[in-house]
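Asker: I am sharing input-v1.txt, which consists of compact mmCIF, N, CA and C atoms:
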# COMPACT_ATOMS: atom_id res chain seq x y z
N MET A 1 21.73 5.75 11.09
CA MET A 1 20.31 5.77 10.79
C MET A 1 19.58 6.50 11.92
N LYS A 2 18.69 7.39 11.55
CA LYS A 2 17.96 8.18 12.53
C LYS A 2 16.79 7.38 13.09
N PHE A 3 16.39 7.71 14.31
CA PHE A 3 15.28 7.01 14.95
C PHE A 3 14.00 7.09 14.13
N TYR A 4 13.70 8.30 13.62
CA TYR A 4 12.44 8.45 12.88
C TYR A 4 12.44 7.59 11.63
N SER A 5 13.59 7.37 11.03
CA SER A 5 13.68 6.52 9.84
C SER A 5 13.35 5.07 10.20
N VAL A 6 13.85 4.62 11.34
CA VAL A 6 13.57 3.25 11.80
C VAL A 6 12.08 3.10 12.09
N ALA A 7 11.49 4.07 12.76
CA ALA A 7 10.07 4.02 13.08
C ALA A 7 9.22 3.99 11.82
N GLU A 8 9.60 4.78 10.83
CA GLU A 8 8.85 4.81 9.57
C GLU A 8 9.00 3.51 8.81
N ARG A 9 10.17 2.91 8.87
CA ARG A 9 10.37 1.63 8.20
C ARG A 9 9.56 0.53 8.87
N ILE A 10 9.50 0.55 10.19
CA ILE A 10 8.69 -0.43 10.91
C ILE A 10 7.21 -0.23 10.56
N ALA A 11 6.76 1.03 10.53
CA ALA A 11 5.37 1.32 10.17
C ALA A 11 5.07 0.82 8.76
N PHE A 12 6.02 0.99 7.83
CA PHE A 12 5.84 0.52 6.46
C PHE A 12 5.67 -1.00 6.44
N VAL A 13 6.56 -1.72 7.12
CA VAL A 13 6.51 -3.19 7.11
C VAL A 13 5.21 -3.70 7.73
N VAL A 14 4.81 -3.11 8.84
CA VAL A 14 3.55 -3.51 9.50
C VAL A 14 2.37 -3.25 8.57
N THR A 15 2.36 -2.10 7.93
CA THR A 15 1.28 -1.76 7.00
C THR A 15 1.28 -2.71 5.80
N LEU A 16 2.45 -3.03 5.28
CA LEU A 16 2.54 -3.96 4.15
C LEU A 16 1.98 -5.33 4.53
N ILE A 17 2.32 -5.81 5.71
CA ILE A 17 1.79 -7.10 6.16
C ILE A 17 0.27 -7.04 6.29
N ALA A 18 -0.24 -5.96 6.85
CA ALA A 18 -1.69 -5.82 6.99
C ALA A 18 -2.38 -5.80 5.63
N VAL A 19 -1.81 -5.07 4.67
CA VAL A 19 -2.40 -5.00 3.33
C VAL A 19 -2.38 -6.39 2.68
N LEU A 20 -1.28 -7.11 2.82
CA LEU A 20 -1.20 -8.45 2.23
C LEU A 20 -2.23 -9.40 2.84
N VAL A 21 -2.37 -9.35 4.15
CA VAL A 21 -3.35 -10.21 4.81
C VAL A 21 -4.76 -9.87 4.36
N LEU A 22 -5.09 -8.57 4.35
CA LEU A 22 -6.43 -8.16 3.94
C LEU A 22 -6.70 -8.50 2.47
N ALA A 23 -5.69 -8.41 1.64
CA ALA A 23 -5.87 -8.65 0.21
C ALA A 23 -5.92 -10.14 -0.15
N LEU A 24 -5.28 -10.97 0.66
CA LEU A 24 -5.15 -12.37 0.26
C LEU A 24 -6.01 -13.35 1.05
N LEU A 25 -6.59 -12.91 2.15
CA LEU A 25 -7.51 -13.80 2.85
C LEU A 25 -8.83 -13.87 2.07
N PRO A 26 -9.42 -15.04 1.98
CA PRO A 26 -10.73 -15.13 1.33
C PRO A 26 -11.76 -14.25 2.06
N ILE A 27 -12.68 -13.69 1.32
CA ILE A 27 -13.70 -12.79 1.89
C ILE A 27 -14.46 -13.45 3.05
N PRO A 28 -14.90 -14.71 2.90
CA PRO A 28 -15.60 -15.33 4.04
C PRO A 28 -14.75 -15.38 5.31
N ARG A 29 -13.45 -15.58 5.15
CA ARG A 29 -12.54 -15.61 6.31
C ARG A 29 -12.48 -14.24 6.99
N LEU A 30 -12.42 -13.18 6.17
CA LEU A 30 -12.39 -11.83 6.74
C LEU A 30 -13.65 -11.58 7.56
N LYS A 31 -14.79 -11.98 6.99
CA LYS A 31 -16.06 -11.78 7.70
C LYS A 31 -16.13 -12.64 8.95
N GLU A 32 -15.55 -13.84 8.86
CA GLU A 32 -15.50 -14.76 10.00
C GLU A 32 -14.73 -14.14 11.17
N PHE A 33 -13.67 -13.42 10.86
CA PHE A 33 -12.86 -12.75 11.87
C PHE A 33 -13.43 -11.39 12.25
N GLY A 34 -14.53 -11.00 11.62
CA GLY A 34 -15.16 -9.71 11.92
C GLY A 34 -14.41 -8.53 11.32
N ILE A 35 -13.66 -8.79 10.27
CA ILE A 35 -12.88 -7.73 9.63
C ILE A 35 -13.69 -7.16 8.47
N ASP A 36 -14.08 -5.93 8.61
CA ASP A 36 -14.80 -5.24 7.54
C ASP A 36 -14.36 -3.78 7.57
N ILE A 37 -13.12 -3.56 7.12
CA ILE A 37 -12.61 -2.20 7.11
C ILE A 37 -12.48 -1.73 5.67
N GLY A 38 -12.50 -0.46 5.51
CA GLY A 38 -12.32 0.09 4.18
C GLY A 38 -13.55 0.81 3.69
N PHE A 39 -13.48 1.15 2.44
CA PHE A 39 -14.56 1.90 1.80
C PHE A 39 -15.45 0.93 1.02
N ASP A 40 -16.66 1.36 0.71
CA ASP A 40 -17.56 0.51 -0.07
C ASP A 40 -17.07 0.34 -1.50
N TYR A 41 -16.30 1.29 -1.98
CA TYR A 41 -15.78 1.23 -3.34
C TYR A 41 -14.40 0.59 -3.31
N ASP A 42 -14.27 -0.60 -3.87
CA ASP A 42 -13.06 -1.41 -3.80
C ASP A 42 -11.82 -0.69 -4.33
N LYS A 43 -11.98 0.07 -5.38
CA LYS A 43 -10.81 0.77 -5.98
C LYS A 43 -10.24 1.79 -5.00
N LEU A 44 -11.10 2.40 -4.21
CA LEU A 44 -10.65 3.35 -3.20
C LEU A 44 -9.87 2.65 -2.09
N ASN A 45 -10.26 1.42 -1.76
CA ASN A 45 -9.50 0.62 -0.79
C ASN A 45 -8.09 0.38 -1.31
N HIS A 46 -8.00 -0.02 -2.58
CA HIS A 46 -6.68 -0.28 -3.18
C HIS A 46 -5.83 0.98 -3.21
N ALA A 47 -6.41 2.06 -3.70
CA ALA A 47 -5.65 3.31 -3.83
C ALA A 47 -5.18 3.82 -2.47
N SER A 48 -6.05 3.79 -1.48
CA SER A 48 -5.67 4.31 -0.16
C SER A 48 -4.62 3.44 0.51
N ALA A 49 -4.72 2.13 0.37
CA ALA A 49 -3.72 1.23 0.96
C ALA A 49 -2.35 1.48 0.35
N PHE A 50 -2.30 1.60 -0.97
CA PHE A 50 -1.00 1.78 -1.63
C PHE A 50 -0.50 3.22 -1.50
N ALA A 51 -1.38 4.17 -1.31
CA ALA A 51 -0.93 5.54 -1.02
C ALA A 51 -0.25 5.57 0.35
N ALA A 52 -0.85 4.89 1.33
CA ALA A 52 -0.25 4.84 2.66
C ALA A 52 1.11 4.13 2.61
N LEU A 53 1.18 3.03 1.86
CA LEU A 53 2.46 2.31 1.73
C LEU A 53 3.52 3.18 1.07
N ALA A 54 3.16 3.86 0.00
CA ALA A 54 4.13 4.71 -0.71
C ALA A 54 4.58 5.86 0.19
N PHE A 55 3.65 6.46 0.91
CA PHE A 55 3.98 7.57 1.80
C PHE A 55 4.96 7.12 2.88
N LEU A 56 4.62 6.03 3.57
CA LEU A 56 5.50 5.52 4.63
C LEU A 56 6.84 5.06 4.07
N GLY A 57 6.81 4.41 2.91
CA GLY A 57 8.05 3.96 2.29
C GLY A 57 8.97 5.10 1.92
N CYS A 58 8.39 6.19 1.43
CA CYS A 58 9.20 7.37 1.08
C CYS A 58 9.81 8.00 2.32
N LEU A 59 9.10 7.97 3.42
CA LEU A 59 9.65 8.52 4.65
C LEU A 59 10.75 7.62 5.20
N GLY A 60 10.59 6.31 5.05
CA GLY A 60 11.58 5.37 5.56
C GLY A 60 12.81 5.24 4.68
N TRP A 61 12.61 5.35 3.37
CA TRP A 61 13.70 5.21 2.40
C TRP A 61 13.63 6.36 1.39
N PRO A 62 13.91 7.58 1.83
CA PRO A 62 13.71 8.75 0.97
C PRO A 62 14.58 8.76 -0.30
N ARG A 63 15.66 8.06 -0.31
CA ARG A 63 16.54 8.06 -1.49
C ARG A 63 16.24 6.92 -2.46
N HIS A 64 15.21 6.16 -2.18
CA HIS A 64 14.89 5.01 -3.01
C HIS A 64 13.45 5.04 -3.51
N ARG A 65 12.98 6.21 -3.89
CA ARG A 65 11.58 6.37 -4.31
C ARG A 65 11.24 5.56 -5.55
N VAL A 66 12.13 5.56 -6.52
CA VAL A 66 11.84 4.82 -7.76
C VAL A 66 11.77 3.33 -7.48
N ARG A 67 12.74 2.82 -6.73
CA ARG A 67 12.72 1.40 -6.37
C ARG A 67 11.47 1.06 -5.58
N LEU A 68 11.11 1.94 -4.67
CA LEU A 68 9.91 1.73 -3.86
C LEU A 68 8.67 1.65 -4.74
N ALA A 69 8.54 2.58 -5.68
CA ALA A 69 7.38 2.59 -6.58
C ALA A 69 7.32 1.30 -7.40
N ILE A 70 8.46 0.87 -7.91
CA ILE A 70 8.50 -0.38 -8.69
C ILE A 70 8.14 -1.57 -7.80
N PHE A 71 8.68 -1.60 -6.60
CA PHE A 71 8.38 -2.68 -5.66
C PHE A 71 6.89 -2.74 -5.35
N LEU A 72 6.31 -1.58 -5.03
CA LEU A 72 4.88 -1.55 -4.68
C LEU A 72 3.99 -1.91 -5.86
N ALA A 73 4.36 -1.44 -7.05
CA ALA A 73 3.58 -1.83 -8.25
C ALA A 73 3.66 -3.33 -8.47
N SER A 74 4.82 -3.90 -8.22
CA SER A 74 4.99 -5.36 -8.35
C SER A 74 4.17 -6.11 -7.30
N VAL A 75 4.15 -5.59 -6.08
CA VAL A 75 3.34 -6.20 -5.02
C VAL A 75 1.86 -6.15 -5.41
N GLY A 76 1.42 -5.03 -5.93
CA GLY A 76 0.03 -4.91 -6.36
C GLY A 76 -0.31 -5.90 -7.47
N ALA A 77 0.59 -6.06 -8.43
CA ALA A 77 0.37 -7.02 -9.51
C ALA A 77 0.34 -8.45 -8.97
N ALA A 78 1.25 -8.75 -8.05
CA ALA A 78 1.30 -10.09 -7.46
C ALA A 78 0.01 -10.39 -6.68
N ILE A 79 -0.48 -9.39 -5.96
CA ILE A 79 -1.74 -9.57 -5.23
C ILE A 79 -2.86 -9.93 -6.20
N GLU A 80 -2.93 -9.20 -7.30
CA GLU A 80 -4.01 -9.47 -8.27
C GLU A 80 -3.88 -10.87 -8.87
N ILE A 81 -2.67 -11.28 -9.18
CA ILE A 81 -2.47 -12.63 -9.73
C ILE A 81 -2.89 -13.67 -8.70
N LEU A 82 -2.47 -13.48 -7.46
CA LEU A 82 -2.83 -14.43 -6.41
C LEU A 82 -4.33 -14.43 -6.13
N GLN A 83 -4.97 -13.27 -6.24
CA GLN A 83 -6.42 -13.23 -6.04
C GLN A 83 -7.16 -13.98 -7.13
N GLY A 84 -6.52 -14.17 -8.27
CA GLY A 84 -7.14 -14.91 -9.35
C GLY A 84 -7.14 -16.42 -9.13
N ILE A 85 -6.39 -16.88 -8.13
CA ILE A 85 -6.33 -18.32 -7.83
C ILE A 85 -7.65 -18.72 -7.18
N THR A 86 -8.21 -19.80 -7.65
CA THR A 86 -9.51 -20.26 -7.16
C THR A 86 -9.50 -20.51 -5.66
N LEU A 87 -8.40 -20.98 -5.12
CA LEU A 87 -8.30 -21.31 -3.70
C LEU A 87 -8.59 -20.10 -2.81
N ILE A 88 -8.16 -18.94 -3.22
CA ILE A 88 -8.36 -17.73 -2.42
C ILE A 88 -9.80 -17.24 -2.53
N GLY A 89 -10.43 -17.48 -3.66
CA GLY A 89 -11.83 -17.10 -3.82
C GLY A 89 -12.06 -15.62 -4.05
N ARG A 90 -11.10 -14.98 -4.64
CA ARG A 90 -11.22 -13.57 -4.99
C ARG A 90 -11.14 -13.44 -6.50
N ASP A 91 -11.33 -12.25 -7.00
CA ASP A 91 -11.29 -12.03 -8.44
C ASP A 91 -10.06 -11.23 -8.85
N LEU A 92 -9.44 -11.65 -9.93
CA LEU A 92 -8.35 -10.89 -10.52
C LEU A 92 -8.98 -9.72 -11.28
N ASP A 93 -8.53 -8.52 -10.99
CA ASP A 93 -9.07 -7.33 -11.65
C ASP A 93 -7.92 -6.38 -11.95
N VAL A 94 -7.64 -6.19 -13.23
CA VAL A 94 -6.54 -5.32 -13.64
C VAL A 94 -6.76 -3.89 -13.15
N PHE A 95 -8.00 -3.47 -13.06
CA PHE A 95 -8.29 -2.11 -12.60
C PHE A 95 -7.96 -1.91 -11.12
N ASP A 96 -7.94 -3.01 -10.35
CA ASP A 96 -7.46 -2.91 -8.97
C ASP A 96 -5.98 -2.53 -8.97
N TRP A 97 -5.22 -3.13 -9.88
CA TRP A 97 -3.80 -2.81 -9.98
C TRP A 97 -3.61 -1.36 -10.44
N VAL A 98 -4.46 -0.90 -11.35
CA VAL A 98 -4.40 0.50 -11.78
C VAL A 98 -4.66 1.42 -10.57
N ALA A 99 -5.64 1.06 -9.75
CA ALA A 99 -5.93 1.84 -8.54
C ALA A 99 -4.73 1.81 -7.59
N ASP A 100 -4.06 0.65 -7.49
CA ASP A 100 -2.85 0.57 -6.67
C ASP A 100 -1.81 1.57 -7.16
N CYS A 101 -1.59 1.60 -8.46
CA CYS A 101 -0.58 2.49 -9.04
C CYS A 101 -0.95 3.96 -8.85
N ILE A 102 -2.22 4.29 -8.97
CA ILE A 102 -2.66 5.66 -8.72
C ILE A 102 -2.41 6.02 -7.25
N GLY A 103 -2.71 5.10 -6.36
CA GLY A 103 -2.44 5.31 -4.95
C GLY A 103 -0.95 5.52 -4.68
N ILE A 104 -0.11 4.74 -5.35
CA ILE A 104 1.35 4.90 -5.21
C ILE A 104 1.75 6.31 -5.61
N ALA A 105 1.23 6.78 -6.72
CA ALA A 105 1.57 8.13 -7.19
C ALA A 105 1.14 9.19 -6.17
N PHE A 106 -0.06 9.05 -5.61
CA PHE A 106 -0.53 10.02 -4.62
C PHE A 106 0.31 9.96 -3.33
N GLY A 107 0.69 8.76 -2.94
CA GLY A 107 1.53 8.61 -1.75
C GLY A 107 2.89 9.24 -1.94
N LEU A 108 3.47 9.06 -3.13
CA LEU A 108 4.76 9.68 -3.44
C LEU A 108 4.64 11.20 -3.42
N LEU A 109 3.57 11.71 -4.03
CA LEU A 109 3.36 13.17 -4.04
C LEU A 109 3.16 13.72 -2.63
N ALA A 110 2.42 13.00 -1.81
CA ALA A 110 2.19 13.46 -0.43
C ALA A 110 3.51 13.50 0.35
N ALA A 111 4.36 12.49 0.16
CA ALA A 111 5.65 12.47 0.85
C ALA A 111 6.55 13.59 0.36
N LEU A 112 6.53 13.83 -0.94
CA LEU A 112 7.32 14.94 -1.48
C LEU A 112 6.82 16.28 -0.94
N GLY A 113 5.51 16.43 -0.88
CA GLY A 113 4.94 17.66 -0.33
C GLY A 113 5.32 17.87 1.12
N LEU A 114 5.31 16.80 1.91
CA LEU A 114 5.71 16.90 3.30
C LEU A 114 7.19 17.30 3.42
N ASN A 115 8.03 16.67 2.61
CA ASN A 115 9.46 17.01 2.62
C ASN A 115 9.69 18.48 2.27
N LEU A 116 8.98 18.97 1.26
CA LEU A 116 9.13 20.37 0.88
C LEU A 116 8.66 21.30 2.01
N ALA A 117 7.55 20.97 2.63
CA ALA A 117 7.03 21.79 3.72
C ALA A 117 8.00 21.82 4.90
N LEU A 118 8.58 20.65 5.21
CA LEU A 118 9.54 20.60 6.31
C LEU A 118 10.81 21.38 6.00
N ARG A 119 11.25 21.34 4.77
CA ARG A 119 12.44 22.11 4.39
C ARG A 119 12.18 23.60 4.48
N ARG A 120 11.01 24.04 4.07
CA ARG A 120 10.67 25.47 4.14
C ARG A 120 10.54 25.94 5.57
N ALA A 121 10.12 25.05 6.45
CA ALA A 121 9.94 25.41 7.85
C ALA A 121 11.26 25.62 8.58
N ARG A 122 12.34 25.08 8.03
CA ARG A 122 13.65 25.20 8.67
C ARG A 122 14.23 26.52 8.47
Would you encode the structure as structure tokens?
Answerer:
Amino acid sequence: MKFYSVAERIAFVVTLIAVLVLALLPIPRLKEFGIDIGFDYDKLNHASAFAALAFLGCLGWPRHRVRLAIFLASVGAAIEILQGITLIGRDLDVFDWVADCIGIAFGLLAALGLNLALRRAR
């Protein structure tokens, strides 16, 4: 395993944990901790988070893109289901999951574009 692959995998896991924490903490808790990151448009937050995850995941596991996309789509769906629980105090929104999937597609495309550019540079 190459060093850069390990670094990218660590970056993916750290980013995944951050996305899960931001998505599953109740909004008042986030404000209590002074956490207010992201865009004003919620769907853009979802798409950008999952684009970053897909991009990093493709760099860390380049031969497992399909599995990665399925995993991330499942994580997005699970987040939405968990946000629907009254205890968390968030809203379940199917369109958030759609934004997650669009972000996954853009992240995959960005990783593929980077791979192509690097191959041409050699």
Asker: Could you tell me how far CA of Ala110 (chain A) lies from CA of Leu44 (chain A), in Å and to one decimal?
Answerer: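 Those two atoms sit 16.6 Å apart.
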Asker: Mind giving me the axis-aligned box for region 93-100 of chain A with 5 Å on every side, centre plus edges in Å to one decimal, as AutoDock Vina command-line options?
Answerer:
--center_x -5.4 --center_y -3.3 --center_z -10.2 --size_x 17.3 --size_y 20.4 --size_z 17.0
Asker: Would you give me, as a Markdown table, each residue of region 51-92 of chain A having an atom within 8 Å of an atom of region 18-33 of chain A, along with its shortest atom pair and that distance in Å to one decimal, using all atoms listed in the file and sorting by chain and residue number?
Answerer:
| residue | atom | partner | partner_atom | distance |
| --- | --- | --- | --- | --- |
| A:Ile79 | CA | A:Ala23 | C | 6.6 |
| A:Glu80 | N | A:Ala23 | C | 7.8 |
| A:Leu82 | C | A:Leu24 | CA | 6.8 |
| A:Gln83 | CA | A:Leu24 | CA | 6.5 |
| A:Leu87 | C | A:Pro26 | CA | 6.8 |
| A:Ile88 | C | A:Pro26 | CA | 4.5 |
| A:Gly89 | N | A:Pro26 | CA | 5.5 |
| A:Arg90 | N | A:Pro26 | CA | 6.0 |
Asker: Quick one: residues within 8 Å of region 48-58 of chain A, only C-alpha atoms counted, chain neighbours fewer than 2 positions away excluded, as a count of residues only?
Answerer: 30
Asker: So, counting only N, CA and C atoms, which residue among A:Ala77, A:Val13, A:Val6, A:Leu59 is closest to Val98 (chain A)?
Answerer: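 Checking each of A:Ala77, A:Val13, A:Val6, A:Leu59 against Val98 (chain A), counting only N, CA and C atoms, the winner is A:Ala77.
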Asker: Could you jot down the atom N of Trp97 (chain A) to atom N of Phe71 (chain A) separation for me, Å, one decimal place?
Answerer: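 A separation of 14.4 Å between them.
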Asker: Return as a PyMOL selection string the full set of residues in region 20-115 of chain A whose backbone-based DSSP assignment is alpha helix (DSSP H).
Answerer: chain A and resi 20-24+27-32+42-60+65-83+94-115
Asker: With all atoms listed in the file as the basis for distance, which of A:Ala121, A:Ile17, A:Ala99, A:Leu92 is at the shortest distance from Ala47 (chain A)?
Answerer: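 When distances to Ala47 (chain A) are compared using all atoms listed in the file, the smallest one comes from A:Ala99.
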Asker: So how far away is atom C of Asp96 (chain A) from atom C of Gly76 (chain A), in Å?
Answerer: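 Separating atom C of Gly76 (chain A) from atom C of Asp96 (chain A) is a distance of 6.8 Å.
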